[in-house]
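Undergrad: If it helps, the file is called upload31.json and holds JSON, C-alpha atoms and all ligand atoms:
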[["chain", "number", "residue", "atom", "x", "y", "z"],
["A", 1, "MET", "CA", 258.07, -70.71, -53.08],
["A", 2, "ASN", "CA", 255.09, -71.24, -55.41],
["A", 3, "ASN", "CA", 252.73, -68.45, -56.53],
["A", 4, "ARG", "CA", 250.02, -69.35, -54.03],
["A", 5, "ASN", "CA", 252.37, -69.25, -51.06],
["A", 6, "GLN", "CA", 253.72, -65.89, -52.27],
["A", 7, "ARG", "CA", 250.17, -64.45, -52.45],
["A", 8, "VAL", "CA", 249.36, -65.73, -48.94],
["A", 9, "GLU", "CA", 252.56, -64.19, -47.61],
["A", 10, "ILE", "CA", 251.82, -60.82, -49.28],
["A", 11, "LEU", "CA", 248.28, -60.83, -47.87],
["A", 12, "ASP", "CA", 249.56, -61.67, -44.38],
["A", 13, "THR", "CA", 252.07, -58.80, -44.59],
["A", 14, "LEU", "CA", 249.34, -56.40, -45.76],
["A", 15, "LYS", "CA", 247.08, -57.57, -42.93],
["A", 16, "SER", "CA", 249.70, -56.95, -40.27],
["A", 17, "VAL", "CA", 250.58, -53.51, -41.73],
["A", 18, "LEU", "CA", 246.87, -52.55, -41.72],
["A", 19, "GLN", "CA", 246.42, -53.87, -38.18],
["A", 20, "GLY", "CA", 249.44, -51.80, -37.12],
["A", 21, "TYR", "CA", 247.82, -48.65, -38.61],
["A", 22, "ILE", "CA", 244.54, -49.48, -36.86],
["A", 23, "ASN", "CA", 246.32, -50.02, -33.52],
["A", 24, "LEU", "CA", 248.11, -46.69, -33.91],
["A", 25, "GLY", "CA", 244.80, -44.99, -34.70],
["A", 26, "ILE", "CA", 246.05, -43.93, -38.17],
["A", 27, "ILE", "CA", 243.14, -45.79, -39.75],
["A", 28, "GLU", "CA", 239.73, -45.89, -38.14],
["A", 29, "VAL", "CA", 237.59, -48.94, -38.75],
["A", 30, "GLU", "CA", 233.86, -48.63, -38.38],
["A", 31, "HIS", "CA", 231.49, -51.49, -38.60],
["A", 32, "GLY", "CA", 228.43, -52.00, -40.82],
["A", 33, "ALA", "CA", 225.15, -50.72, -39.41],
["A", 34, "HIS", "CA", 226.80, -48.51, -36.78],
["A", 35, "SER", "CA", 228.83, -46.75, -39.45],
["A", 36, "SER", "CA", 225.87, -46.11, -41.76],
["A", 37, "ASN", "CA", 223.72, -44.94, -38.82],
["A", 38, "LYS", "CA", 226.42, -42.43, -37.98],
["A", 39, "THR", "CA", 226.47, -41.18, -41.55],
["A", 40, "LEU", "CA", 222.68, -40.87, -41.69],
["A", 41, "LEU", "CA", 222.58, -39.03, -38.36],
["A", 42, "HIS", "CA", 225.33, -36.73, -39.57],
["A", 43, "GLU", "CA", 223.36, -35.92, -42.73],
["A", 44, "LEU", "CA", 220.20, -35.28, -40.71],
["A", 45, "LYS", "CA", 222.11, -33.04, -38.31],
["A", 46, "ASN", "CA", 223.41, -30.96, -41.22],
["A", 47, "GLU", "CA", 219.85, -30.59, -42.47],
["A", 48, "ILE", "CA", 218.61, -29.44, -39.04],
["A", 49, "LEU", "CA", 221.43, -26.90, -38.75],
["A", 50, "GLN", "CA", 219.72, -24.99, -41.60],
["A", 51, "CYS", "CA", 216.16, -25.32, -40.23],
["A", 52, "LYS", "CA", 213.90, -22.27, -40.14],
["A", 53, "LYS", "CA", 210.62, -24.16, -40.12],
["A", 54, "CYS", "CA", 209.36, -22.53, -36.92],
["A", 55, "PRO", "CA", 210.17, -19.20, -35.23],
["A", 56, "LEU", "CA", 212.22, -20.85, -32.45],
["A", 57, "TYR", "CA", 215.35, -20.81, -34.61],
["A", 58, "LYS", "CA", 215.49, -17.01, -34.22],
["A", 59, "GLY", "CA", 216.00, -17.03, -30.44],
["A", 60, "LYS", "CA", 218.31, -20.02, -30.10],
["A", 61, "LYS", "CA", 222.09, -19.90, -29.73],
["A", 62, "ASN", "CA", 222.59, -23.45, -30.98],
["A", 63, "TYR", "CA", 220.51, -26.20, -32.47],
["A", 64, "VAL", "CA", 220.57, -29.17, -30.09],
["A", 65, "PHE", "CA", 220.46, -32.21, -32.32],
["A", 66, "GLY", "CA", 221.06, -35.00, -29.80],
["A", 67, "GLU", "CA", 224.01, -37.24, -29.04],
["A", 68, "GLY", "CA", 225.02, -40.76, -28.15],
["A", 69, "ALA", "CA", 225.45, -44.17, -29.71],
["A", 70, "ALA", "CA", 224.13, -44.29, -33.27],
["A", 71, "ASP", "CA", 222.95, -47.86, -32.69],
["A", 72, "ALA", "CA", 221.77, -47.44, -29.08],
["A", 73, "SER", "CA", 219.26, -49.93, -27.66],
["A", 74, "LEU", "CA", 217.98, -47.22, -25.37],
["A", 75, "MET", "CA", 216.99, -43.72, -26.38],
["A", 76, "PHE", "CA", 216.00, -40.98, -23.95],
["A", 77, "VAL", "CA", 213.73, -38.27, -25.30],
["A", 78, "GLY", "CA", 213.05, -35.02, -23.49],
["A", 79, "GLU", "CA", 211.02, -32.00, -24.56],
["A", 80, "ALA", "CA", 213.42, -29.20, -25.54],
["A", 81, "PRO", "CA", 216.83, -27.68, -24.82],
["A", 82, "GLY", "CA", 217.09, -25.37, -21.83],
["A", 83, "TYR", "CA", 219.52, -22.54, -21.10],
["A", 84, "TYR", "CA", 222.68, -24.64, -20.67],
["A", 85, "GLU", "CA", 221.82, -27.01, -23.53],
["A", 86, "ASP", "CA", 221.29, -24.01, -25.83],
["A", 87, "ILE", "CA", 224.73, -22.65, -24.95],
["A", 88, "ALA", "CA", 226.48, -26.02, -25.24],
["A", 89, "GLY", "CA", 224.54, -27.31, -28.26],
["A", 90, "LYS", "CA", 224.18, -30.60, -26.35],
["A", 91, "PRO", "CA", 221.16, -32.23, -24.73],
["A", 92, "PHE", "CA", 220.75, -32.59, -20.95],
["A", 93, "VAL", "CA", 223.88, -30.86, -19.68],
["A", 94, "GLY", "CA", 222.35, -28.63, -16.96],
["A", 95, "LYS", "CA", 221.24, -29.75, -13.49],
["A", 96, "ALA", "CA", 218.52, -32.00, -14.91],
["A", 97, "GLY", "CA", 221.08, -33.42, -17.34],
["A", 98, "LYS", "CA", 223.43, -34.26, -14.48],
["A", 99, "LEU", "CA", 220.61, -36.13, -12.78],
["A", 100, "LEU", "CA", 219.86, -38.00, -16.02],
["A", 101, "THR", "CA", 223.54, -38.95, -16.28],
["A", 102, "LYS", "CA", 223.38, -40.26, -12.70],
["A", 103, "ILE", "CA", 220.27, -42.30, -13.48],
["A", 104, "ILE", "CA", 222.01, -43.78, -16.55],
["A", 105, "GLU", "CA", 225.05, -44.69, -14.43],
["A", 106, "VAL", "CA", 222.92, -46.26, -11.69],
["A", 107, "MET", "CA", 221.48, -48.40, -14.48],
["A", 108, "GLY", "CA", 225.01, -49.67, -15.09],
["A", 109, "LEU", "CA", 225.35, -47.76, -18.36],
["A", 110, "LYS", "CA", 227.28, -44.75, -19.61],
["A", 111, "ARG", "CA", 225.92, -41.73, -21.51],
["A", 112, "GLU", "CA", 227.84, -42.92, -24.58],
["A", 113, "ASP", "CA", 225.93, -46.23, -24.49],
["A", 114, "VAL", "CA", 222.54, -44.56, -25.00],
["A", 115, "TYR", "CA", 221.15, -41.87, -27.28],
["A", 116, "ILE", "CA", 219.76, -38.65, -25.81],
["A", 117, "GLY", "CA", 217.57, -36.23, -27.73],
["A", 118, "ASN", "CA", 214.61, -33.90, -27.52],
["A", 119, "ILE", "CA", 211.37, -33.30, -29.37],
["A", 120, "LEU", "CA", 212.39, -29.70, -30.15],
["A", 121, "LYS", "CA", 215.88, -28.90, -31.39],
["A", 122, "CYS", "CA", 215.73, -25.19, -30.46],
["A", 123, "ARG", "CA", 215.22, -23.67, -27.03],
["A", 124, "PRO", "CA", 211.83, -22.05, -26.42],
["A", 125, "PRO", "CA", 212.19, -18.52, -24.97],
["A", 126, "GLU", "CA", 212.62, -18.46, -21.17],
["A", 127, "ASN", "CA", 212.30, -22.26, -21.16],
["A", 128, "ARG", "CA", 208.54, -22.00, -21.66],
["A", 129, "ASN", "CA", 206.63, -25.16, -22.54],
["A", 130, "PRO", "CA", 206.78, -26.30, -26.17],
["A", 131, "GLN", "CA", 203.70, -25.25, -28.15],
["A", 132, "GLU", "CA", 201.61, -27.71, -30.11],
["A", 133, "ASP", "CA", 202.53, -26.23, -33.50],
["A", 134, "GLU", "CA", 206.25, -26.25, -32.63],
["A", 135, "ILE", "CA", 206.06, -29.91, -31.62],
["A", 136, "GLU", "CA", 204.20, -30.76, -34.81],
["A", 137, "THR", "CA", 206.78, -28.93, -36.94],
["A", 138, "CYS", "CA", 209.90, -30.31, -35.27],
["A", 139, "PHE", "CA", 208.76, -33.84, -34.44],
["A", 140, "PRO", "CA", 209.52, -35.31, -37.91],
["A", 141, "TYR", "CA", 213.24, -34.79, -37.14],
["A", 142, "LEU", "CA", 212.99, -36.92, -34.00],
["A", 143, "ASP", "CA", 210.97, -39.45, -35.94],
["A", 144, "ARG", "CA", 213.87, -39.75, -38.40],
["A", 145, "GLN", "CA", 216.40, -40.07, -35.57],
["A", 146, "ILE", "CA", 214.33, -42.92, -34.15],
["A", 147, "GLU", "CA", 214.07, -44.48, -37.61],
["A", 148, "ILE", "CA", 217.86, -44.42, -38.02],
["A", 149, "ILE", "CA", 218.82, -45.54, -34.50],
["A", 150, "LYS", "CA", 216.05, -48.14, -34.18],
["A", 151, "PRO", "CA", 216.32, -48.43, -30.39],
["A", 152, "LYS", "CA", 214.72, -51.34, -28.54],
["A", 153, "VAL", "CA", 213.11, -48.91, -26.15],
["A", 154, "ILE", "CA", 212.47, -45.19, -25.88],
["A", 155, "CYS", "CA", 212.31, -43.62, -22.45],
["A", 156, "ALA", "CA", 210.02, -40.60, -22.74],
["A", 157, "LEU", "CA", 211.09, -38.03, -20.17],
["A", 158, "GLY", "CA", 208.15, -35.99, -18.93],
["A", 159, "LYS", "CA", 204.74, -34.98, -20.15],
["A", 160, "PHE", "CA", 205.56, -33.51, -23.57],
["A", 161, "ALA", "CA", 207.80, -36.34, -24.79],
["A", 162, "ALA", "CA", 205.43, -38.99, -23.46],
["A", 163, "GLN", "CA", 202.24, -37.39, -24.77],
["A", 164, "THR", "CA", 203.79, -36.79, -28.20],
["A", 165, "LEU", "CA", 205.14, -40.32, -28.61],
["A", 166, "VAL", "CA", 202.08, -42.01, -27.17],
["A", 167, "LYS", "CA", 199.69, -39.57, -28.91],
["A", 168, "THR", "CA", 197.56, -38.85, -25.88],
["A", 169, "ASN", "CA", 196.66, -36.10, -23.42],
["A", 170, "ILE", "CA", 196.87, -38.37, -20.36],
["A", 171, "SER", "CA", 199.05, -36.94, -17.55],
["A", 172, "ILE", "CA", 202.58, -38.24, -17.06],
["A", 173, "SER", "CA", 201.64, -39.55, -13.59],
["A", 174, "ASN", "CA", 199.06, -41.79, -15.23],
["A", 175, "LEU", "CA", 201.22, -42.71, -18.23],
["A", 176, "ARG", "CA", 204.27, -43.85, -16.27],
["A", 177, "GLY", "CA", 204.26, -47.42, -15.06],
["A", 178, "GLU", "CA", 202.72, -48.54, -18.36],
["A", 179, "LEU", "CA", 204.36, -49.77, -21.56],
["A", 180, "PHE", "CA", 203.44, -48.14, -24.89],
["A", 181, "TYR", "CA", 204.62, -48.43, -28.47],
["A", 182, "TYR", "CA", 205.77, -45.97, -31.10],
["A", 183, "LYS", "CA", 205.97, -47.52, -34.58],
["A", 184, "GLY", "CA", 206.56, -50.91, -32.95],
["A", 185, "ILE", "CA", 209.25, -49.61, -30.56],
["A", 186, "LYS", "CA", 208.58, -49.90, -26.85],
["A", 187, "VAL", "CA", 208.02, -46.59, -25.05],
["A", 188, "VAL", "CA", 208.46, -46.26, -21.28],
["A", 189, "PRO", "CA", 207.25, -42.89, -20.00],
["A", 190, "THR", "CA", 208.77, -41.55, -16.81],
["A", 191, "PHE", "CA", 209.15, -38.28, -14.94],
["A", 192, "HIS", "CA", 211.40, -35.58, -16.40],
["A", 193, "PRO", "CA", 214.63, -35.18, -14.37],
["A", 194, "SER", "CA", 213.81, -31.50, -13.73],
["A", 195, "TYR", "CA", 210.55, -32.64, -12.09],
["A", 196, "LEU", "CA", 212.62, -35.05, -9.97],
["A", 197, "LEU", "CA", 214.86, -32.18, -8.84],
["A", 198, "ARG", "CA", 211.75, -30.46, -7.47],
["A", 199, "ASN", "CA", 210.07, -33.67, -6.28],
["A", 200, "PRO", "CA", 212.75, -36.15, -5.16],
["A", 201, "LYS", "CA", 210.05, -38.56, -3.95],
["A", 202, "GLY", "CA", 209.37, -39.37, -7.62],
["A", 203, "LYS", "CA", 212.80, -41.03, -7.88],
["A", 204, "ARG", "CA", 211.51, -44.31, -6.49],
["A", 205, "LYS", "CA", 208.89, -44.61, -9.24],
["A", 206, "THR", "CA", 211.46, -43.52, -11.83],
["A", 207, "TRP", "CA", 213.72, -46.35, -10.72],
["A", 208, "GLU", "CA", 210.84, -48.79, -11.25],
["A", 209, "ASP", "CA", 210.60, -47.46, -14.82],
["A", 210, "MET", "CA", 214.37, -47.86, -15.31],
["A", 211, "LYS", "CA", 214.16, -51.47, -14.10],
["A", 212, "LEU", "CA", 211.53, -52.15, -16.77],
["A", 213, "ILE", "CA", 213.86, -50.60, -19.37],
["A", 214, "LEU", "CA", 216.80, -52.73, -18.19],
["A", 215, "LYS", "CA", 214.62, -55.81, -18.55],
["A", 216, "ILE", "CA", 213.68, -54.80, -22.11],
["A", 217, "ILE", "CA", 217.30, -54.28, -23.17],
["A", 218, "GLY", "CA", 218.32, -57.52, -21.49],
["A", 219, "ARG", "CA", 220.54, -56.13, -18.75],
["A", 220, "LYS", "CA", 220.64, -57.19, -15.14],
["A", 221, "VAL", "CA", 219.64, -54.77, -12.41],
["A", 222, "LYS", "CA", 222.84, -54.25, -10.40],
["A", 223, "ASN", "CA", 221.68, -51.48, -8.12],
["A", 224, "ASN", "CA", 218.51, -50.84, -6.19],
["A", 225, "GLY", "CA", 218.62, -47.08, -6.84],
["B", 301, "LIG", "S1", 212.57, -26.06, -33.23],
["B", 301, "LIG", "FE1", 212.77, -27.60, -34.82],
["B", 301, "LIG", "S2", 211.38, -26.95, -36.46],
["B", 301, "LIG", "FE2", 211.74, -25.16, -35.12],
["B", 301, "LIG", "S3", 213.45, -24.11, -36.10],
["B", 301, "LIG", "FE3", 214.32, -25.46, -34.52],
["B", 301, "LIG", "S4", 214.84, -27.33, -35.65],
["B", 301, "LIG", "FE4", 213.44, -26.18, -36.95]]
Take the structure in the file and give it back as structure tokens.

TA:
Amino acid sequence: MNNRNQRVEILDTLKSVLQGYINLGIIEVEHGAHSSNKTLLHELKNEILQCKKCPLYKGKKNYVFGEGAADASLMFVGEAPGYYEDIAGKPFVGKAGKLLTKIIEVMGLKREDVYIGNILKCRPPENRNPQEDEIETCFPYLDRQIEIIKPKVICALGKFAAQTLVKTNISISNLRGELFYYKGIKVVPTFHPSYLLRNPKGKRKTWEDMKLILKIIGRKVKNNG
């Protein structure tokens, strides 16, 4: 066997050993952009876990950073963690979160396919509305999440997320149904799931908004909602 053939054989052996380790889960392989997005999000999360920029950190149990695919085409943005999110340290896990999960599934997606976050990372006391100064202080974190993930479309859930991203005071009822942009990324405002729990009639309009999102991310509508 000549030297070249020997080298090819050694490389083939190495390849199959590596593949075996990968198949057994001993080695994890991550790919390009997705891997670096994950690292950047991880670094940002660690930064937020130290944040004392506004008084909300004092009353929270957990910072709620956000979760989902680091390279998601679709990002959902709500206003702030509530009681259950604060306890779990995860976004949208209470009743409204369950409805959001259902909406995502009706779209033919899974929670892991999208990214879910909030404008504020700490729960306001008694779930009161976010204040202007709190939004202004915390928003740069969301801006960096958006910058890292670079979604094709952001679905702004409810008044505070929509008004902040669109930079307007127009009501959510008048914002939804229209397409906006944040730093060149499409923004589709829709009702917050907790509003839908109180006003189920809004679900029909929300589904119209989800159909627009599906069109933007290039997926077929499989369900009529
Ligand atoms: S709400 Fe945002 S700015 Fe305020 S303490 Fe929490 S992470 Fe920091």

Undergrad: Would you write out, as JSON lines, a table of all residues in chain A that have an atom no more than 7 Å from an atom of ligand LIG 301 (chain B), listing for each the closest atom pair and the distance in Å to one decimal, considering all atoms listed in the file and ordering rows by chain and rising residue number?

TA:
{"residue": "A:Ile48", "atom": "CA", "partner": "B:LIG301", "partner_atom": "S4", "distance": 5.5}
{"residue": "A:Cys51", "atom": "CA", "partner": "B:LIG301", "partner_atom": "FE4", "distance": 4.3}
{"residue": "A:Lys52", "atom": "CA", "partner": "B:LIG301", "partner_atom": "S3", "distance": 4.5}
{"residue": "A:Lys53", "atom": "CA", "partner": "B:LIG301", "partner_atom": "S2", "distance": 4.7}
{"residue": "A:Cys54", "atom": "CA", "partner": "B:LIG301", "partner_atom": "FE2", "distance": 4.0}
{"residue": "A:Pro55", "atom": "CA", "partner": "B:LIG301", "partner_atom": "S3", "distance": 6.0}
{"residue": "A:Leu56", "atom": "CA", "partner": "B:LIG301", "partner_atom": "S3", "distance": 5.0}
{"residue": "A:Tyr57", "atom": "CA", "partner": "B:LIG301", "partner_atom": "S3", "distance": 4.1}
{"residue": "A:Tyr63", "atom": "CA", "partner": "B:LIG301", "partner_atom": "FE3", "distance": 6.6}
{"residue": "A:Leu120", "atom": "CA", "partner": "B:LIG301", "partner_atom": "S1", "distance": 4.8}
{"residue": "A:Lys121", "atom": "CA", "partner": "B:LIG301", "partner_atom": "S4", "distance": 4.7}
{"residue": "A:Cys122", "atom": "CA", "partner": "B:LIG301", "partner_atom": "S1", "distance": 4.3}
{"residue": "A:Glu134", "atom": "CA", "partner": "B:LIG301", "partner_atom": "FE2", "distance": 6.1}
{"residue": "A:Thr137", "atom": "CA", "partner": "B:LIG301", "partner_atom": "S2", "distance": 5.0}
{"residue": "A:Cys138", "atom": "CA", "partner": "B:LIG301", "partner_atom": "S2", "distance": 3.9}

Undergrad: Hey, can you check how far CA of Asp86 (chain A) sits from CA of Ile146 (chain A)?

TA: 21.8 Å

Undergrad: Which residues come within 12 Å of region 212-218 of chain A, counting all atoms listed in the file, excluding same-chain residues fewer than 6 positions away, as a count of residues only?

TA: 31

Undergrad: Between A:Glu67, A:Asp133, A:Glu126, A:Glu47, single out the one closest to Val93 (chain A), counting only C-alpha atoms.

TA: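 When distances to Val93 (chain A) are compared using only C-alpha atoms, the smallest one comes from A:Glu67.
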
Undergrad: Looking at A:Gly78, A:Gly184, A:Gly97, A:Pro193, which one is nearest to Pro130 (chain A), with distances taken over all atoms listed in the file?

TA: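 Result for the nearest residue to Pro130 (chain A): A:Gly78.
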
Undergrad: What does the distance between CA of Ile135 (chain A) and CA of Gln50 (chain A) come to in Å, to one decimal place?

TA: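 So the two atoms, CA of Ile135 (chain A) and CA of Gln50 (chain A), lie 17.6 Å apart.
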
Undergrad: Using all atoms listed in the file, which protein or nucleic acid residues come within 9 Å of Ala96 (chain A)? Drop anything in the same chain fewer than 6 positions from it, and give the result as a PyMOL selection string.

TA: chain A and resi 192-197

Undergrad: Hey, can you check how far CA of Leu40 (chain A) sits from CA of Lys98 (chain A)?

TA: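 So the answer is 28.0 Å.
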
Undergrad: Counting all atoms listed in the file, figure out which residue out of A:Gly89, A:Gly66, A:Pro124, A:Gly94 gets nearest to Tyr141 (chain A).

TA: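 With all atoms listed in the file as the atom set, the closest residue is A:Gly66.
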
Undergrad: Return the single residue from A:Ile87, A:Leu99, A:Ile148, A:Leu157 that is closest to Pro200 (chain A), with distances computed using only C-alpha atoms.

TA: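 Looking at the shortest contact to Pro200 (chain A), the residue is A:Leu99.
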
Undergrad: Nearest to Pro81 (chain A) among A:Val8, A:Ala69, A:Ile116, A:Leu41, with distances taken over all atoms listed in the file: which residue is it?

TA: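 Among the listed residues, A:Ile116 lies closest to Pro81 (chain A).
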
Undergrad: Counting all atoms listed in the file, which residue out of A:Ser16, A:Leu175, A:Gln6, A:Lys95 sits closest to Gly158 (chain A)?

TA: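 Result for the nearest residue to Gly158 (chain A): A:Leu175.
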